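Taking it in order: structure first as structure tokens, then the write-up.
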Amino acid sequence: MKRNPLILAIGFLLILIVGLLLFVFQVRKSEVVVVTRFGRPDRDISQPGPHLKWPWPIESVHRFDQRVQNFEDKLTEGLTSDSFNVLSSVFVGWEITDPKAFFPKFAAGSEPIAEAEKILDRMLSNAKAAVIAKHALFDFLSPTPEGNKFVDIEHEILSVVQAQVQANNYGLKIDFLGLKRLGLPENVTASVFERMQAERKRLADKSQFEGEAEAQTIRAEAERKAAVVLADAGAQATAIRGKGEAEAAKSLSEFQKNPQLANFIFGLNALEDSLKDKSTLIFDQHTPPFNLFNGVSTNLFNRAQ
Amino acid sequence: MSDFDVKLDEPRGNSPLPPERPLDSGSEALTEALRSSFWIIKLVMFLLLIVFLGSGFFTVEPQEQAMIIRLGRPVGTGQKALLGPGFHLSFPYPIDEHIKVPISAIQKVTSTVGWYATTPEQELAGTEPATLPIQYPLKPLVDGYVLTADRNIIHTRATLTYHISDPVTYVFNFANASNTVQNALDNALVYAASTFNVDDILTRDVAGFKEAVRKRVVTLVSQENLGVDIEECLIQSRPARQLRDAFDSVLKAALTRQALLEAAHSSEAQISSKAGADARSLISLAESDRSRLVNEVRSQADRFNDLLPKFQQSPQLFVQQRLTETLGRVLTNAQDKIFLAGGEAGGPSTGNQKELRVLLNREPPKQKSDETKP
């Protein structure tokens, strides 16, 4: 009987461990737990840490993921208020907020999250169709911040779904919702392409014409400026010549001392200048110095007679 | 194990009269076998205890990180909650649990909602799919695309890098945080495209589009409290394959336009520099005219002043002398000289008339001018 205290201690420890396993359970931070008593939800616990319960079969523990779930719905078609077919797909972040309400509705299946998302999918496609029908296509697509109601549309879909979730008391909450895709039906894309092609052609032509016109404008402007510069230069040149003439006129006063001589000199100069080259001169015997021939009998003179 | 202890000890301890010899050899062998298997069980129990106590130790590989959950709560906050690669110690289950999280320093998500369908081989090779004829529509379930503000179709995709600033939130508040980031990026791309025109996305305002996507992602992840910090956002945009030629032609037209403008600018420079040169030469010509005129008149005046005293001495003689002198010079220079002899002074009244015919040619060739000589 020497080993009895040790054996007792070990036995007690074992009983304690079994007891703990039966009466205590842990809740993780990412989980929320619903404790059911004889199958009916009794209380929910979202506080992480160890908690007490009655052992099975009195009470049992059902764990749910409390984290924000990510759900994306399929592309669905909706008609805008101006009769465009628009394909859209959204994503939502949702979480379980009231496990006691959530549990009886979705916990029957093995995948409560997937069950809930089936319901969400239905609600989302209804909400999308309803909201898209209230908006024209330019509410989705517009370059101006005032015209673009993209964010408003997302909020509207969210509030419609949110209202349905609350009305049905699903015990979950939608944290955020956003459009993930926005598209057009397959046959419409081909006509969009045709329109875009025509637009590209117009742009290419416009670019070419504009280029030519601009180039022409640049050249014409350059010519105009050149003409102005040349005209200015011409005016300046005339002014310079005028000044030269005025300066020259000062020297002319010298000639007034004897106009007769001045005229004679000018005449001589003019005569000399004008007969500088390739000139043909015709004289008769009266012109000096040929008047010297007068009264002298020459062969030439006689022959001419 | 203690149960076995008790049961096995009892027969030995309680029997007042131990059998002096075994009942038979069979039961003795059974006792031996039980005793040895009891020791084996004891050893196994001990080993299990060691393993149980040692289960608190764990190692983290270089490409992963770990977190310890103590009684359901993560240990540490913020970046401190993450345990890097190496050897770590925790209490054994059920007190502590460690979970490994595949969190690298830089996380990356790619949004392909706006990209046409590609195969992994094409992605690896980096080749662009062939141009399609315009009649090919885009299949919504296969090809991704976004709609632009001017209702055009364009392909664009984004790659976002981010790091996790709050791992506890990232891991414990979101079932799939990286998908949530991805959805935020998808949404940002679709949203930004809906506010930009096709040419802005492709060429005119590429940086603006990128910034709009980035801004939207940052807004979304902070609204959603994801516990991540966005680092970089890369955007790639392409016209639809069906329209590649059409877009190329616009680009070509733009280049042609550029070339035209450049040519115009260069001829503009040419014209203006030529005009400048012409203007300068006009002015310098005028300047030289001016100085020549002034000098000429001055030199004439000087000559006049020189000649004046001589003239005043004997005007008649001076004039005669000068005239003869000049005529002599002129006659030397003149090409053709014709002297008409005869005829008395008095001209036609004498009745002795002569007719002189001169054949004038504006540019007389040399030979012809010779012929005109008498």
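Here, A, B, ... name the chains of the structure tokens in the order displayed, residue numbers run from 1 inside each chain, and ligands are numbered from 1 in the same displayed order.
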Give the strand (DSSP E or B) residues of segment 131-178 of chain A, as assigned by DSSP on the backbone, as an mmCIF file with C-alpha atoms, in the first residue's frame.
```cif
data_model
loop_
_atom_site.group_PDB
_atom_site.id
_atom_site.type_symbol
_atom_site.label_atom_id
_atom_site.label_comp_id
_atom_site.auth_asym_id
_atom_site.auth_seq_id
_atom_site.Cartn_x
_atom_site.Cartn_y
_atom_site.Cartn_z
ATOM 1 C CA LEU A 172 -26.514 37.686 -40.096
ATOM 2 C CA LYS A 173 -25.311 41.068 -41.208
ATOM 3 C CA ILE A 174 -23.892 42.319 -44.474
ATOM 4 C CA ASP A 175 -20.826 44.416 -43.833
ATOM 5 C CA PHE A 176 -20.054 45.574 -47.315
ATOM 6 C CA LEU A 177 -21.148 45.067 -50.874
ATOM 7 C CA GLY A 178 -19.528 46.056 -54.119
#
```
Specify as an NGL selection string all residues of chain B found within 6 Å of chain A, counting only C-alpha atoms. :B and (71-73 or 135 or 137-139 or 149 or 172-175 or 186-187 or 194-196 or 246 or 250 or 253-254 or 257 or 261 or 264 or 268 or 272 or 275 or 279 or 283 or 286 or 290 or 294 or 297-298 or 334-342)
Residues from last step as file, C-alpha atoms, as a PDB file, in the first residue's frame:
```pdb
ATOM      1  CA  LEU B  71      -7.505  29.441 -24.476  1.00  0.00           C
ATOM      2  CA  GLY B  72      -9.087  30.661 -27.672  1.00  0.00           C
ATOM      3  CA  ARG B  73      -7.452  34.057 -27.781  1.00  0.00           C
ATOM      4  CA  GLN B 135     -17.599  40.055 -85.456  1.00  0.00           C
ATOM      5  CA  PRO B 137     -18.419  38.979 -79.417  1.00  0.00           C
ATOM      6  CA  LEU B 138     -17.060  38.739 -75.904  1.00  0.00           C
ATOM      7  CA  LYS B 139     -18.527  35.901 -73.887  1.00  0.00           C
ATOM      8  CA  ALA B 149     -17.443  56.031 -68.930  1.00  0.00           C
ATOM      9  CA  PHE B 172      -9.428  36.017 -37.104  1.00  0.00           C
ATOM     10  CA  ASN B 173     -11.919  38.512 -38.527  1.00  0.00           C
ATOM     11  CA  PHE B 174     -11.985  37.359 -42.124  1.00  0.00           C
ATOM     12  CA  ALA B 175     -12.705  33.918 -43.453  1.00  0.00           C
ATOM     13  CA  ASP B 186     -11.977  44.034 -58.782  1.00  0.00           C
ATOM     14  CA  ASN B 187     -14.453  46.608 -57.611  1.00  0.00           C
ATOM     15  CA  SER B 194     -16.737  53.604 -65.167  1.00  0.00           C
ATOM     16  CA  THR B 195     -15.404  57.101 -64.498  1.00  0.00           C
ATOM     17  CA  PHE B 196     -12.737  57.229 -67.208  1.00  0.00           C
ATOM     18  CA  ALA B 246      -8.698  50.369 -85.245  1.00  0.00           C
ATOM     19  CA  VAL B 250      -5.614  56.167 -84.425  1.00  0.00           C
ATOM     20  CA  ALA B 253      -2.713  59.019 -87.335  1.00  0.00           C
ATOM     21  CA  ALA B 254      -1.458  60.727 -84.205  1.00  0.00           C
ATOM     22  CA  ARG B 257       0.060  64.381 -87.247  1.00  0.00           C
ATOM     23  CA  LEU B 261       3.608  69.391 -87.172  1.00  0.00           C
ATOM     24  CA  ALA B 264       5.745  72.576 -90.279  1.00  0.00           C
ATOM     25  CA  GLU B 268       8.643  77.765 -89.894  1.00  0.00           C
ATOM     26  CA  SER B 272      11.849  82.969 -90.230  1.00  0.00           C
ATOM     27  CA  ALA B 275      13.424  86.373 -93.527  1.00  0.00           C
ATOM     28  CA  ALA B 279      16.064  91.716 -93.729  1.00  0.00           C
ATOM     29  CA  ILE B 283      19.459  96.944 -94.254  1.00  0.00           C
ATOM     30  CA  ALA B 286      20.854 100.384 -97.589  1.00  0.00           C
ATOM     31  CA  ARG B 290      23.970 105.464 -97.899  1.00  0.00           C
ATOM     32  CA  VAL B 294      27.540 110.363 -99.017  1.00  0.00           C
ATOM     33  CA  VAL B 297      28.856 113.471-103.146  1.00  0.00           C
ATOM     34  CA  ARG B 298      31.613 114.432-100.781  1.00  0.00           C
ATOM     35  CA  ALA B 334      33.454 103.214-126.816  1.00  0.00           C
ATOM     36  CA  GLN B 335      33.106 100.043-128.828  1.00  0.00           C
ATOM     37  CA  ASP B 336      31.905 101.498-132.110  1.00  0.00           C
ATOM     38  CA  LYS B 337      32.700 104.905-133.396  1.00  0.00           C
ATOM     39  CA  ILE B 338      31.044 106.265-136.511  1.00  0.00           C
ATOM     40  CA  PHE B 339      32.132 109.512-138.008  1.00  0.00           C
ATOM     41  CA  LEU B 340      29.844 111.222-140.453  1.00  0.00           C
ATOM     42  CA  ALA B 341      31.916 113.451-142.592  1.00  0.00           C
ATOM     43  CA  GLY B 342      30.672 116.043-145.144  1.00  0.00           C
TER      44      GLY B 342
END
```
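We find atom CA of Gln321 of chain B and atom CA of Ala270 of chain A to be spaced 17.0 Å apart.
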Residues of segment 28-191 of chain B classed as helix (DSSP H, G or I) by DSSP on the backbone are to be reported as number ranges by chain. B: 28-54, 78-81, 120-125, 167-172, 177-191
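If you look at atom CA of Leu226 of chain B and atom CA of Tyr170 of chain A, they are 24.4 Å away from each other.
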